[in-house]
Structure formats: C-alpha cells, structure tokens
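Heads up: the structure comes next, in structure tokens.
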Amino acid sequence: MGYPGHPPDHKRCTAKTRAGGRCLRWALKGSTVCLVHGGYLPSVRRKAKLRLALREVQPEMRAQLARDRARIEAEERFLDQVEGSPSIRKLLEEDQ
Ligand SMILES: [Zn+2]
C-alpha cells in the first residue's frame, strides 16, 4: 500500500479487522496500533514512549559505533604496516 496523501504502512495500525483485513487507521505516535485497537492502554502508551525515546538516541549510538569501527580499522591498518619492521619483529621474537 502507501499511496499519496496516506500515511506510510509503518505508521498505520497493525491490528487485524474482523473481516480479516488490516486496520488502516493511523497508529498513535511511537505505537503500532490506533486508539481503537488498544492505543490508550497504559502498557501500549509506555512502550510507545520508550520507542520514541530510543529513536532519539539511536542515531547517536550508530555514530559512536561507526567511530569505534573506524578506529579499529585504522589500528588494523597500522598493525599491518608495522608488522614487517625489524624492531617489531624483534619484539615478537622476544615474546616467544
Ligand atoms: Zn486499529
């Protein structure tokens, strides 16, 4: 689905109707269901709140992971470069 003027599928209620189709009402913000399908329940509201909070920190967490990955890759490249140097070889031999 998903046509102009309608909310994207992930913003629609995921509940099934008695007829077997999908409820296509707007899901409440941060929630997967509409008001009719339990969106007012405390447990659903709590989860929605948590989901929204997580969405805010996720970009920050992803950025941190990317920085960590870049640092590890740089370290690997550095190790590859120095591995063959005489002083490092000597160090490695002393360790054995
Ligand atoms: Zn619904």
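Labels used: A, B, ... for chains in the order of the structure tokens, numbers from 1 for residues in each chain, and numbers from 1 for ligands as shown.
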With 6 Å as the cut-off and only C-alpha atoms and all ligand atoms counted, what is the closest atom pair between each nearby residue of chain A and ligand 1? Distances in Å to one decimal, ordered by chain and number, as a tab-separated table.
residue	atom	partner	partner_atom_place_in_ligand_line	distance
A:Cys13	CA	ligand 1	1 (Zn)	4.6
A:Ala15	CA	ligand 1	1 (Zn)	5.2
A:Cys23	CA	ligand 1	1 (Zn)	4.7
A:Arg25	CA	ligand 1	1 (Zn)	5.4
A:Val33	CA	ligand 1	1 (Zn)	5.4
A:Cys34	CA	ligand 1	1 (Zn)	4.3
A:Val36	CA	ligand 1	1 (Zn)	5.4
A:His37	CA	ligand 1	1 (Zn)	4.6
Put those residues in a file: N, CA and C atoms, as a tab-separated table (two decimals), in the first residue's frame.
chain	number	residue	atom	x	y	z
A	13	CYS	N	-2.01	1.35	11.87
A	13	CYS	CA	-2.33	0.34	12.87
A	13	CYS	C	-2.11	-1.06	12.27
A	15	ALA	N	-3.27	-3.84	13.63
A	15	ALA	CA	-4.31	-4.78	14.06
A	15	ALA	C	-5.11	-5.31	12.86
A	23	CYS	N	-6.41	-3.15	9.83
A	23	CYS	CA	-6.94	-1.85	10.22
A	23	CYS	C	-5.99	-0.81	9.65
A	25	ARG	N	-6.17	2.56	10.20
A	25	ARG	CA	-6.18	3.85	10.89
A	25	ARG	C	-4.74	4.21	11.24
A	33	VAL	N	-0.35	0.55	17.06
A	33	VAL	CA	-1.81	0.43	16.98
A	33	VAL	C	-2.52	1.77	17.12
A	34	CYS	N	-3.76	1.79	16.66
A	34	CYS	CA	-4.58	3.00	16.74
A	34	CYS	C	-5.31	3.06	18.09
A	36	VAL	N	-8.44	2.78	18.65
A	36	VAL	CA	-9.48	1.74	18.71
A	36	VAL	C	-8.89	0.38	19.11
A	37	HIS	N	-7.65	0.14	18.71
A	37	HIS	CA	-7.03	-1.17	18.94
A	37	HIS	C	-6.03	-1.19	20.09
Which of chain A DSSP labels strand (DSSP E or B), written as a list in words:
Arg12, Lys16, Arg22 and Trp26 of chain A
Excluding same-chain residues fewer than 5 positions from Leu28 of chain A, what lies within 9 Å of it counting only C-alpha atoms, as a ChimeraX atom specification?
/A:11-13,33-35,39-40,45,48
Residue list (alpha helix (DSSP H), DSSP) for chain A, as JSON, numbers by chain:
{"A": [42, 43, 44, 45, 46, 47, 48, 49, 50, 51, 52, 53, 54, 55, 56, 57, 58, 59, 60, 61, 62, 63, 64, 65, 66, 67, 68, 69, 70, 71, 72, 73, 74, 75, 76, 77, 78, 79, 80, 81, 82, 86, 87, 88, 89, 90, 91, 92, 93, 94, 95]}
Can you pull out the residues contacting segment 51-63 of chain A? Cut-off 10 Å, using only C-alpha atoms, and skip same-chain residues under 4 positions away; I want them as a list in words.
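Within the cut-off, the hits are Lys29, Gly30, Ser31, Arg45, Arg46, Lys47, Arg67, Asp68 and Arg69 of chain A.
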